[in-house]
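So this block is query_14.cif, mmCIF, C-alpha atoms and all ligand atoms:
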data_data
#
loop_
_atom_site.label_atom_id
_atom_site.label_comp_id
_atom_site.auth_asym_id
_atom_site.auth_seq_id
_atom_site.Cartn_x
_atom_site.Cartn_y
_atom_site.Cartn_z
CA MET X 1 0.00 0.00 0.00
CA LEU X 2 2.73 2.48 0.95
CA ARG X 3 4.98 1.66 -2.00
CA ASN X 4 2.14 2.79 -4.27
CA VAL X 5 2.38 6.32 -2.90
CA GLY X 6 6.09 6.86 -2.34
CA ASP X 7 9.54 5.55 -1.49
CA VAL X 8 9.49 3.34 1.60
CA ASP X 9 12.49 3.23 3.91
CA LEU X 10 11.70 0.03 5.81
CA TRP X 11 13.55 -1.11 8.93
CA GLU X 12 14.03 -4.69 7.75
CA ILE X 13 15.65 -6.13 10.85
CA ASP X 14 13.19 -8.03 13.00
CA ASN X 15 13.64 -6.03 16.18
CA VAL X 16 13.02 -2.50 17.42
CA ILE X 17 14.87 0.15 15.45
CA PRO X 18 17.66 1.65 17.59
CA ARG X 19 16.99 5.28 18.41
CA PRO X 20 20.07 6.64 16.55
CA ASP X 21 19.00 4.83 13.36
CA LEU X 22 15.49 6.20 13.73
CA LEU X 23 16.74 9.78 14.22
CA ASP X 24 19.01 9.33 11.23
CA ARG X 25 16.32 8.04 8.92
CA VAL X 26 13.52 10.49 9.78
CA VAL X 27 15.65 13.37 8.41
CA THR X 28 14.25 12.86 4.92
CA ALA X 29 10.87 11.38 5.87
CA ASP X 30 7.52 12.93 4.96
CA ALA X 31 5.68 10.30 6.97
CA LEU X 32 6.53 8.04 9.90
CA TYR X 33 4.85 4.63 10.34
CA CYS X 34 5.79 3.49 13.83
CA MET X 35 4.85 1.35 16.80
CA LEU X 36 4.57 1.80 20.54
CA THR X 37 8.28 1.01 20.83
CA GLU X 38 9.21 4.32 19.15
CA GLN X 39 9.25 7.54 21.15
CA VAL X 40 7.93 10.35 18.98
CA ASP X 41 9.04 13.36 21.01
CA SER X 42 10.32 16.87 20.33
CA VAL X 43 13.84 15.56 19.65
CA LEU X 44 12.54 13.28 16.93
CA LEU X 45 10.30 16.01 15.50
CA GLN X 46 13.27 18.37 15.32
CA ALA X 47 15.26 15.75 13.45
CA ALA X 48 12.40 15.39 10.94
CA PRO X 49 11.80 18.78 9.29
CA ARG X 50 9.72 17.35 6.43
CA LEU X 51 7.42 15.22 8.56
CA ARG X 52 3.72 15.70 7.69
CA VAL X 53 2.08 12.66 9.29
CA VAL X 54 2.83 10.17 12.08
CA SER X 55 0.99 6.85 12.06
CA ASN X 56 1.14 4.58 15.11
CA MET X 57 0.22 0.93 14.59
CA ALA X 58 -1.53 0.86 17.96
CA VAL X 59 -4.54 2.49 19.54
CA GLY X 60 -2.52 3.83 22.50
CA VAL X 61 -0.48 6.93 21.72
CA ASP X 62 1.36 7.42 25.01
CA ASN X 63 4.64 6.98 23.07
CA ILE X 64 3.84 10.13 21.10
CA ASP X 65 4.04 13.74 22.22
CA LEU X 66 0.65 14.78 20.83
CA LEU X 67 1.00 18.43 21.81
CA ALA X 68 4.34 18.72 20.03
CA CYS X 69 2.86 17.09 16.93
CA THR X 70 -0.19 19.35 17.03
CA SER X 71 1.94 22.47 17.32
CA ARG X 72 3.86 21.32 14.23
CA GLN X 73 0.49 20.72 12.48
CA ILE X 74 1.31 17.01 12.20
CA PRO X 75 -1.72 14.70 12.46
CA VAL X 76 -1.13 11.51 14.46
CA GLY X 77 -2.88 8.38 13.24
CA HIS X 78 -3.71 5.40 15.45
CA THR X 79 -5.81 2.20 15.21
CA PRO X 80 -8.95 2.34 17.37
CA GLY X 81 -11.93 0.13 16.63
CA VAL X 82 -10.26 -2.67 14.68
CA LEU X 83 -8.61 -4.10 17.82
CA THR X 84 -11.43 -3.61 20.31
CA GLU X 85 -12.93 -7.10 20.24
CA ALA X 86 -9.62 -9.00 20.13
CA THR X 87 -8.36 -7.05 23.14
CA ALA X 88 -11.58 -7.64 25.07
CA ASP X 89 -11.27 -11.37 24.34
CA LEU X 90 -7.79 -11.32 25.79
CA ALA X 91 -8.95 -9.45 28.89
CA MET X 92 -11.49 -12.22 29.55
CA ALA X 93 -8.81 -14.86 28.96
CA LEU X 94 -6.55 -13.22 31.55
CA LEU X 95 -9.40 -12.76 34.00
CA LEU X 96 -10.37 -16.43 33.76
CA ALA X 97 -6.73 -17.53 33.90
CA ALA X 98 -5.95 -15.47 36.99
CA ALA X 99 -9.16 -16.25 38.86
CA ARG X 100 -9.16 -19.99 38.08
CA ARG X 101 -5.38 -20.41 38.47
CA LEU X 102 -4.68 -21.66 34.96
CA GLY X 103 -0.98 -20.79 35.10
CA GLU X 104 -0.50 -22.90 38.21
CA GLY X 105 -2.58 -25.72 36.73
CA ILE X 106 -0.53 -25.79 33.52
CA ASP X 107 2.73 -25.80 35.50
CA TYR X 108 1.37 -28.56 37.71
CA ALA X 109 0.41 -30.82 34.82
CA ARG X 110 3.61 -30.17 32.87
CA SER X 111 5.94 -30.70 35.80
CA GLY X 112 4.73 -34.21 36.55
CA GLN X 113 3.00 -33.35 39.83
CA TRP X 114 -0.42 -34.43 38.57
CA GLY X 115 -1.46 -37.40 40.69
CA GLU X 116 -4.86 -38.57 41.78
CA PHE X 117 -7.92 -36.30 41.59
CA ARG X 118 -8.08 -34.11 44.69
CA PRO X 119 -11.18 -32.13 45.64
CA ASP X 120 -9.04 -29.39 47.12
CA LEU X 121 -6.53 -28.99 44.30
CA LEU X 122 -5.83 -25.43 43.08
CA LEU X 123 -9.13 -23.94 44.12
CA GLY X 124 -9.72 -20.54 42.62
CA ARG X 125 -12.28 -17.77 42.64
CA GLU X 126 -15.52 -17.67 40.68
CA VAL X 127 -15.92 -15.44 37.67
CA HIS X 128 -19.62 -15.97 36.86
CA SER X 129 -22.11 -14.00 38.94
CA SER X 130 -19.37 -11.85 40.45
CA VAL X 131 -18.83 -8.10 40.30
CA ILE X 132 -16.49 -6.78 37.62
CA GLY X 133 -15.01 -3.31 37.87
CA ILE X 134 -13.85 -1.76 34.61
CA VAL X 135 -11.44 1.13 34.82
CA GLY X 136 -11.95 3.13 31.62
CA MET X 137 -15.31 2.45 29.93
CA GLY X 138 -14.17 3.27 26.40
CA ARG X 139 -14.37 1.04 23.34
CA ILE X 140 -12.40 -1.84 24.89
CA GLY X 141 -13.94 -1.44 28.35
CA SER X 142 -17.44 -1.58 26.83
CA ALA X 143 -16.54 -4.73 24.88
CA VAL X 144 -15.28 -6.35 28.11
CA ALA X 145 -18.52 -5.31 29.83
CA ARG X 146 -20.62 -6.96 27.11
CA ARG X 147 -18.69 -10.19 27.56
CA ALA X 148 -19.09 -9.95 31.33
CA THR X 149 -22.87 -9.88 31.03
CA GLY X 150 -22.62 -13.30 29.35
CA PHE X 151 -21.01 -14.53 32.57
CA GLY X 152 -23.82 -13.05 34.62
CA MET X 153 -21.49 -10.48 36.16
CA SER X 154 -22.66 -7.16 37.45
CA ILE X 155 -20.69 -4.22 36.19
CA ARG X 156 -19.10 -1.24 37.86
CA TYR X 157 -17.02 1.28 35.97
CA THR X 158 -15.00 4.38 36.50
CA GLY X 159 -13.71 6.99 34.11
CA PRO X 160 -13.73 10.69 33.33
CA SER X 161 -17.18 10.65 31.75
CA ALA X 162 -20.49 8.90 32.38
CA LYS X 163 -21.62 6.43 29.73
CA PRO X 164 -25.42 6.49 29.90
CA ALA X 165 -25.81 4.24 26.84
CA ILE X 166 -23.68 1.51 28.47
CA GLU X 167 -25.47 1.98 31.78
CA HIS X 168 -28.76 1.50 29.98
CA GLU X 169 -27.63 -1.41 27.81
CA LEU X 170 -25.69 -3.41 30.41
CA GLY X 171 -26.86 -2.11 33.77
CA ALA X 172 -23.35 -0.81 34.44
CA VAL X 173 -23.04 1.45 37.47
CA ARG X 174 -20.52 4.31 37.62
CA ARG X 175 -18.41 4.64 40.76
CA ASP X 176 -15.39 6.65 41.80
CA LEU X 177 -12.20 4.59 41.78
CA ALA X 178 -12.31 3.86 45.51
CA GLY X 179 -15.91 2.68 45.31
CA LEU X 180 -15.15 0.47 42.32
CA LEU X 181 -12.13 -1.12 44.01
CA THR X 182 -14.06 -1.79 47.22
CA GLU X 183 -17.03 -3.42 45.49
CA SER X 184 -15.41 -5.42 42.68
CA ASP X 185 -14.34 -9.07 42.71
CA HIS X 186 -12.40 -8.55 39.49
CA VAL X 187 -10.85 -5.29 38.33
CA VAL X 188 -9.95 -4.83 34.66
CA LEU X 189 -7.85 -1.89 33.48
CA THR X 190 -8.59 -0.62 29.97
CA ALA X 191 -7.81 3.10 30.38
CA PRO X 192 -5.21 4.93 28.30
CA LEU X 193 -1.93 5.92 29.95
CA ASN X 194 -1.69 9.63 30.68
CA PRO X 195 -0.69 11.77 33.67
CA ALA X 196 -4.12 11.15 35.27
CA THR X 197 -3.85 7.34 35.06
CA TYR X 198 -0.14 6.89 35.88
CA HIS X 199 0.08 4.63 38.98
CA LEU X 200 -3.70 4.74 39.35
CA ILE X 201 -3.36 1.33 41.02
CA ASP X 202 -0.89 2.09 43.77
CA GLU X 203 -0.41 0.68 47.28
CA ARG X 204 -3.48 2.50 48.59
CA ALA X 205 -5.67 1.30 45.73
CA LEU X 206 -4.52 -2.30 46.18
CA THR X 207 -5.38 -2.08 49.87
CA LEU X 208 -8.93 -1.06 48.97
CA MET X 209 -9.41 -4.17 46.81
CA LYS X 210 -10.94 -7.34 48.25
CA PRO X 211 -8.44 -9.98 49.43
CA ASN X 212 -10.09 -12.41 46.99
CA ALA X 213 -9.94 -9.98 44.08
CA THR X 214 -8.08 -10.30 40.81
CA LEU X 215 -6.50 -7.45 38.87
CA VAL X 216 -6.26 -7.59 35.07
CA ASN X 217 -4.26 -5.07 33.04
CA VAL X 218 -4.64 -4.96 29.24
CA ALA X 219 -3.95 -1.22 29.02
CA ARG X 220 -0.44 0.03 29.79
CA GLY X 221 1.97 -1.18 32.48
CA PRO X 222 2.49 2.15 34.24
CA LEU X 223 -1.19 2.30 35.27
CA VAL X 224 -0.01 -0.01 38.05
CA ASP X 225 2.74 0.64 40.59
CA THR X 226 4.68 -2.58 39.94
CA ASP X 227 6.46 -2.70 43.31
CA ALA X 228 3.18 -2.25 45.17
CA LEU X 229 1.60 -5.05 43.09
CA VAL X 230 4.47 -7.41 43.91
CA VAL X 231 3.89 -6.78 47.62
CA ALA X 232 0.10 -7.11 47.30
CA LEU X 233 0.43 -10.49 45.56
CA GLU X 234 2.97 -11.70 48.12
CA THR X 235 1.04 -10.63 51.20
CA GLY X 236 -2.36 -11.69 49.87
CA ALA X 237 -3.74 -8.15 49.81
CA ILE X 238 -5.25 -9.32 46.51
CA ALA X 239 -5.56 -12.90 45.25
CA ALA X 240 -4.16 -12.81 41.74
CA ALA X 241 -3.23 -10.70 38.74
CA GLY X 242 -3.36 -11.21 34.97
CA LEU X 243 -1.04 -8.87 33.11
CA ASP X 244 -0.74 -8.34 29.37
CA VAL X 245 1.30 -5.20 29.97
CA THR X 246 3.91 -4.46 32.61
CA ASP X 247 6.25 -1.72 33.79
CA PRO X 248 8.99 -2.22 32.72
CA GLU X 249 8.26 -4.03 29.49
CA PRO X 250 9.68 -6.54 28.89
CA LEU X 251 10.02 -7.74 32.47
CA PRO X 252 13.55 -8.94 33.25
CA ILE X 253 13.63 -12.73 33.60
CA ASP X 254 14.39 -12.55 37.35
CA HIS X 255 11.50 -10.18 38.08
CA PRO X 256 9.35 -11.24 41.06
CA LEU X 257 6.13 -10.94 39.01
CA LEU X 258 7.36 -13.76 36.75
CA ASP X 259 8.00 -15.89 39.84
CA ALA X 260 4.72 -15.21 41.61
CA PRO X 261 2.43 -18.24 41.31
CA ASN X 262 -0.63 -16.01 41.52
CA CYS X 263 0.41 -13.78 38.63
CA VAL X 264 -0.20 -14.63 34.97
CA VAL X 265 2.06 -12.57 32.70
CA ILE X 266 1.91 -12.56 28.91
CA PRO X 267 3.98 -10.38 26.54
CA HIS X 268 1.64 -7.59 25.32
CA LEU X 269 -0.65 -9.70 23.13
CA GLY X 270 -3.93 -7.81 23.50
CA SER X 271 -4.53 -7.30 19.78
CA ALA X 272 -2.37 -10.22 18.66
CA SER X 273 -4.71 -12.18 16.40
CA VAL X 274 -3.84 -12.62 12.72
CA LYS X 275 -6.94 -10.78 11.53
CA THR X 276 -6.70 -7.89 13.97
CA ARG X 277 -3.00 -7.25 13.37
CA GLU X 278 -3.66 -7.21 9.60
CA GLU X 279 -6.47 -4.71 10.07
CA MET X 280 -4.28 -2.54 12.29
CA ALA X 281 -1.45 -2.61 9.76
CA GLU X 282 -3.79 -1.58 6.96
CA LEU X 283 -5.54 1.16 8.92
CA ALA X 284 -2.13 2.56 9.89
CA ALA X 285 -1.10 2.50 6.21
CA ARG X 286 -4.31 4.28 5.17
CA ASN X 287 -3.59 6.92 7.79
CA VAL X 288 -0.18 7.55 6.21
CA ILE X 289 -1.66 7.74 2.71
CA ARG X 290 -4.37 10.22 3.71
CA GLY X 291 -1.90 12.28 5.73
CA LEU X 292 0.44 12.58 2.75
CA ALA X 293 -2.50 13.58 0.54
CA GLY X 294 -3.42 16.32 3.02
CA GLU X 295 -6.75 14.63 3.79
CA PRO X 296 -8.11 14.08 7.31
CA LEU X 297 -6.89 10.77 8.75
CA GLU X 298 -9.37 7.95 9.16
CA ALA X 299 -8.41 7.72 12.84
CA CYS X 300 -6.66 10.76 14.27
CA ALA X 301 -5.45 11.00 17.87
CA ASN X 302 -5.00 14.80 17.77
CA PRO X 303 -8.03 16.09 15.80
CA ARG X 304 -7.17 19.62 16.97
CA VAL X 305 -4.72 19.78 14.03
CA TYR X 306 -7.80 20.23 11.88
CA GLY X 307 -8.87 23.42 13.61
C1 LIG X 401 -1.46 -1.86 21.94
O1 LIG X 401 -1.06 -1.88 23.07
C2 LIG X 401 -2.17 -0.76 21.37
O2 LIG X 401 -2.20 0.33 21.97
O3 LIG X 401 -2.72 -0.92 20.27
C1 LIG X 402 -15.84 -33.16 37.85
O1 LIG X 402 -15.20 -33.54 36.88
C2 LIG X 402 -17.20 -33.60 38.13
O2 LIG X 402 -17.67 -34.54 37.45
O3 LIG X 402 -17.81 -32.99 39.01
#

Exercise: express the given structure as structure tokens:
Amino acid sequence: MLRNVGDVDLWEIDNVIPRPDLLDRVVTADALYCMLTEQVDSVLLQAAPRLRVVSNMAVGVDNIDLLACTSRQIPVGHTPGVLTEATADLAMALLLAAARRLGEGIDYARSGQWGEFRPDLLLGREVHSSVIGIVGMGRIGSAVARRATGFGMSIRYTGPSAKPAIEHELGAVRRDLAGLLTESDHVVLTAPLNPATYHLIDERALTLMKPNATLVNVARGPLVDTDALVVALETGAIAAAGLDVTDPEPLPIDHPLLDAPNCVVIPHLGSASVKTREEMAELAARNVIRGLAGEPLEACANPRVYG
């Protein structure tokens, strides 16, 4: 798609482009097609005098300085919508895995410990008919909520704005964060990372959660204070966690979260289905093409560039 509209300078090596190479190559670029591993900040923008569009192959844009892009009149494309359902599926997978102790069960079977049936083996917490608290009732949060109704869960949510349509459709009830944490059996984070959500789940928040509660994060790692989560999982302040994203990312191999039996960690796979990743790649390419043509992007994270 991109080769039809211009010369493509593709980073062919199958790992993240080193920052110096990126800064070197953006000098002549009219468009940048990037991922959440690239920091698009004022240093990069200064190195890229010709840049007219940035396209992130992700819905989250916390790796991009939106204000700096807006003040340069550079629209920033992202990929909302196409990844909503796949990410909500993964949130449910992590919730079920954490609550029903799938990680421990898999380890148990694989390591040869599986003996006779035991009625008290690896007992977990129930998901059906419980209370789910969704932090950030946006596109992905709403899709998680719809799935939760299939499990007979009742829904609490928190976020900067009320969602009357979701309240009406799913019986979701809005709470402040403290109320949500106190009432929920399972807490799922789907909010974007920004200064207001950084370390939203800190030591105090974890203390408010039920001792039997699970925490699921499919948003961004820094929403959670990692050290506080390690302590909460160790001391039993909460029962379990399911993490698709962590801080730092990747987690070093000797990190206590990878050792904790009550923590399921997977490597940022929220949107990682074949179909969804293809749709993201194509939407991100269309955003580049429209940006170069001077047309409004199909999905723009800083619509203020248009007035
Ligand atoms: C992935 O994390 C995304 O933001 O799309
Ligand atoms: C369990 O396998 C049961 O039959 O209850």

Identify, counting all atoms listed in the file, the protein, DNA and RNA residues located within 12 Å of ligand LIG 401 (chain X), and give them as a PyMOL selection string. chain X and resi 34-37+55-64+77-87+90+140+190-193+217-221+244-246+249+267-272+276-277+279-281+283-284+301

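Using all atoms listed in the file, we find that the residues with an atom at most 12 Å from any atom of ligand LIG 402 (chain X) are Phe117, Arg118 and Pro119 of chain X.
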
Polymer residues at most 7 Å from Gly242 of chain X, all atoms listed in the file, same-chain spacing of 5 or more positions, as a PyMOL selection string: chain X and resi 94-95+98+215-217+263-265

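Interatomic distance, atom CA of His199 of chain X against atom CA of Asp225 of chain X: 5.1 Å.
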
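Distances to Thr197 of chain X were evaluated for X:Val173, X:Leu32, X:Ile13, X:Leu223 using all atoms listed in the file, and the minimum falls at X:Leu223.
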
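Across X:His255, X:His186, X:Arg52, X:Lys210, the tightest approach to Leu96 of chain X is made by X:His186 when counting only C-alpha atoms.
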
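Around the point (5.3, -4.9, 47.9), within 12 Å and counting all atoms listed in the file, we find these residues: Asp202, Glu203, Arg204, Leu206, Thr207, Asp225, Thr226, Asp227, Ala228, Leu229, Val230, Val231, Ala232, Leu233, Glu234, Thr235, Gly236, Ala237, Ile238, Pro256 and Leu257 of chain X.
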
Quick one: residues within 6 Å of Thr214 of chain X, all atoms listed in the file counted, chain neighbours fewer than 3 positions away excluded, as an mmCIF file with C-alpha atoms, keeping the file's coordinate frame?
data_model
loop_
_atom_site.group_PDB
_atom_site.id
_atom_site.type_symbol
_atom_site.label_atom_id
_atom_site.label_comp_id
_atom_site.auth_asym_id
_atom_site.auth_seq_id
_atom_site.Cartn_x
_atom_site.Cartn_y
_atom_site.Cartn_z
ATOM 1 C CA HIS X 186 -12.400 -8.550 39.490
ATOM 2 C CA ALA X 239 -5.560 -12.900 45.250
ATOM 3 C CA ALA X 240 -4.160 -12.810 41.740
ATOM 4 C CA ALA X 241 -3.230 -10.700 38.740
#

So which residues touch segment 120-130 of chain X within 8 Å, counting all atoms listed in the file, skipping near sequence neighbours fewer than 5 positions away, as a compact mmCIF listing (two decimals) with C-alpha atoms, keeping the file's coordinate frame?
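Written out: result30.txt:
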# COMPACT_ATOMS: atom_id res chain seq x y z
CA LEU X 95 -9.40 -12.76 34.00
CA LEU X 96 -10.37 -16.43 33.76
CA ALA X 99 -9.16 -16.25 38.86
CA ARG X 100 -9.16 -19.99 38.08
CA ARG X 101 -5.38 -20.41 38.47
CA GLU X 104 -0.50 -22.90 38.21
CA GLY X 105 -2.58 -25.72 36.73
CA PHE X 151 -21.01 -14.53 32.57
CA GLY X 152 -23.82 -13.05 34.62
CA MET X 153 -21.49 -10.48 36.16
CA SER X 154 -22.66 -7.16 37.45
CA SER X 184 -15.41 -5.42 42.68
CA ASP X 185 -14.34 -9.07 42.71
CA HIS X 186 -12.40 -8.55 39.49
CA ASN X 212 -10.09 -12.41 46.99

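Here atom CA of Val5 of chain X is placed at a distance of 18.4 Å from atom CA of Arg25 of chain X.
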
Give me, as a CSV table (one decimal) with C-alpha atoms, in the frame of the given file, all polymer residues having an atom no more than 9 Å from Tyr157 of chain X, counting all atoms listed in the file and skipping those fewer than 3 positions away in the same chain.
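Saved result, out.csv, follows:
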chain,number,residue,atom,x,y,z
X,132,ILE,CA,-16.5,-6.8,37.6
X,133,GLY,CA,-15.0,-3.3,37.9
X,134,ILE,CA,-13.8,-1.8,34.6
X,135,VAL,CA,-11.4,1.1,34.8
X,136,GLY,CA,-12.0,3.1,31.6
X,137,MET,CA,-15.3,2.4,29.9
X,141,GLY,CA,-13.9,-1.4,28.4
X,172,ALA,CA,-23.4,-0.8,34.4
X,173,VAL,CA,-23.0,1.4,37.5
X,174,ARG,CA,-20.5,4.3,37.6
X,175,ARG,CA,-18.4,4.6,40.8
X,176,ASP,CA,-15.4,6.6,41.8
X,177,LEU,CA,-12.2,4.6,41.8
X,180,LEU,CA,-15.2,0.5,42.3

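Among the candidate residues X:Asp7, X:Asp89, X:Glu167, X:Glu38, the one lying nearest to Asp21 of chain X is X:Glu38, with distances computed using all atoms listed in the file.
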
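Between atom CA of Leu67 of chain X and atom CA of Arg139 of chain X there is a distance of 23.3 Å.
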
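Summary of the local environment: counting all atoms listed in the file, residues at most 6 Å from Ala47 of chain X, other than itself and those fewer than 2 positions away along its chain, are Val27, Leu44 and Leu45 of chain X.
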
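Minimum atom-to-atom distances from X:Val54, X:Leu251, X:Ile201, X:Ala68 to Ala299 of chain X were compared using only C-alpha atoms, and the lowest value belongs to X:Val54.
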
Please, which residues are within 10 Å of (6.1, 22.2, 15.8) by the file's coordinates, counting all atoms listed in the file, and could they come as JSON, numbers by chain? {"X": [42, 45, 46, 49, 67, 68, 69, 70, 71, 72, 73, 74]}

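With all atoms listed in the file as the atoms that count, the residue of X:Gly159, X:Gly115, X:Gly171, X:Pro164 with the shortest distance to Ala145 of chain X is X:Gly171.
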
Assuming the input is short of atoms at segment 162-177 of chain X, produce N, CA, C and O atoms for that part as a short mmCIF file (atom, residue, chain, number, x, y, z; two decimals), keeping the file's coordinate frame.
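That gives us part-v5.cif:
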data_model
loop_
_atom_site.label_atom_id
_atom_site.label_comp_id
_atom_site.auth_asym_id
_atom_site.auth_seq_id
_atom_site.Cartn_x
_atom_site.Cartn_y
_atom_site.Cartn_z
N ALA X 162 -19.42 9.89 32.24
CA ALA X 162 -20.49 8.90 32.38
C ALA X 162 -20.84 8.35 31.01
O ALA X 162 -20.74 9.04 30.00
N LYS X 163 -21.25 7.08 30.99
CA LYS X 163 -21.62 6.43 29.73
C LYS X 163 -23.06 5.94 29.84
O LYS X 163 -23.31 4.75 30.07
N PRO X 164 -24.01 6.86 29.69
CA PRO X 164 -25.42 6.49 29.90
C PRO X 164 -25.89 5.36 28.99
O PRO X 164 -26.69 4.52 29.41
N ALA X 165 -25.37 5.30 27.75
CA ALA X 165 -25.81 4.24 26.84
C ALA X 165 -25.39 2.86 27.38
O ALA X 165 -26.16 1.90 27.32
N ILE X 166 -24.17 2.79 27.91
CA ILE X 166 -23.68 1.51 28.47
C ILE X 166 -24.43 1.19 29.76
O ILE X 166 -24.75 0.03 30.03
N GLU X 167 -24.71 2.21 30.55
CA GLU X 167 -25.47 1.98 31.78
C GLU X 167 -26.83 1.39 31.43
O GLU X 167 -27.31 0.44 32.06
N HIS X 168 -27.44 1.95 30.40
CA HIS X 168 -28.76 1.50 29.98
C HIS X 168 -28.69 0.10 29.39
O HIS X 168 -29.49 -0.78 29.73
N GLU X 169 -27.71 -0.13 28.52
CA GLU X 169 -27.63 -1.41 27.81
C GLU X 169 -27.24 -2.56 28.74
O GLU X 169 -27.78 -3.66 28.63
N LEU X 170 -26.29 -2.30 29.65
CA LEU X 170 -25.69 -3.41 30.41
C LEU X 170 -25.93 -3.31 31.91
O LEU X 170 -25.44 -4.14 32.68
N GLY X 171 -26.65 -2.30 32.34
CA GLY X 171 -26.86 -2.11 33.77
C GLY X 171 -25.58 -1.75 34.52
O GLY X 171 -25.46 -1.99 35.72
N ALA X 172 -24.61 -1.19 33.79
CA ALA X 172 -23.35 -0.81 34.44
C ALA X 172 -23.58 0.38 35.36
O ALA X 172 -24.39 1.26 35.08
N VAL X 173 -22.88 0.39 36.49
CA VAL X 173 -23.04 1.45 37.47
C VAL X 173 -21.71 2.18 37.63
O VAL X 173 -20.67 1.56 37.84
N ARG X 174 -21.75 3.52 37.51
CA ARG X 174 -20.52 4.31 37.62
C ARG X 174 -20.17 4.54 39.09
O ARG X 174 -21.05 4.83 39.91
N ARG X 175 -18.90 4.40 39.41
CA ARG X 175 -18.41 4.64 40.76
C ARG X 175 -17.14 5.48 40.67
O ARG X 175 -16.49 5.52 39.62
N ASP X 176 -16.75 6.10 41.78
CA ASP X 176 -15.39 6.65 41.80
C ASP X 176 -14.43 5.47 41.97
O ASP X 176 -14.86 4.34 42.24
N LEU X 177 -13.14 5.71 41.79
CA LEU X 177 -12.20 4.59 41.78
C LEU X 177 -12.25 3.82 43.10
O LEU X 177 -12.28 2.59 43.10
#
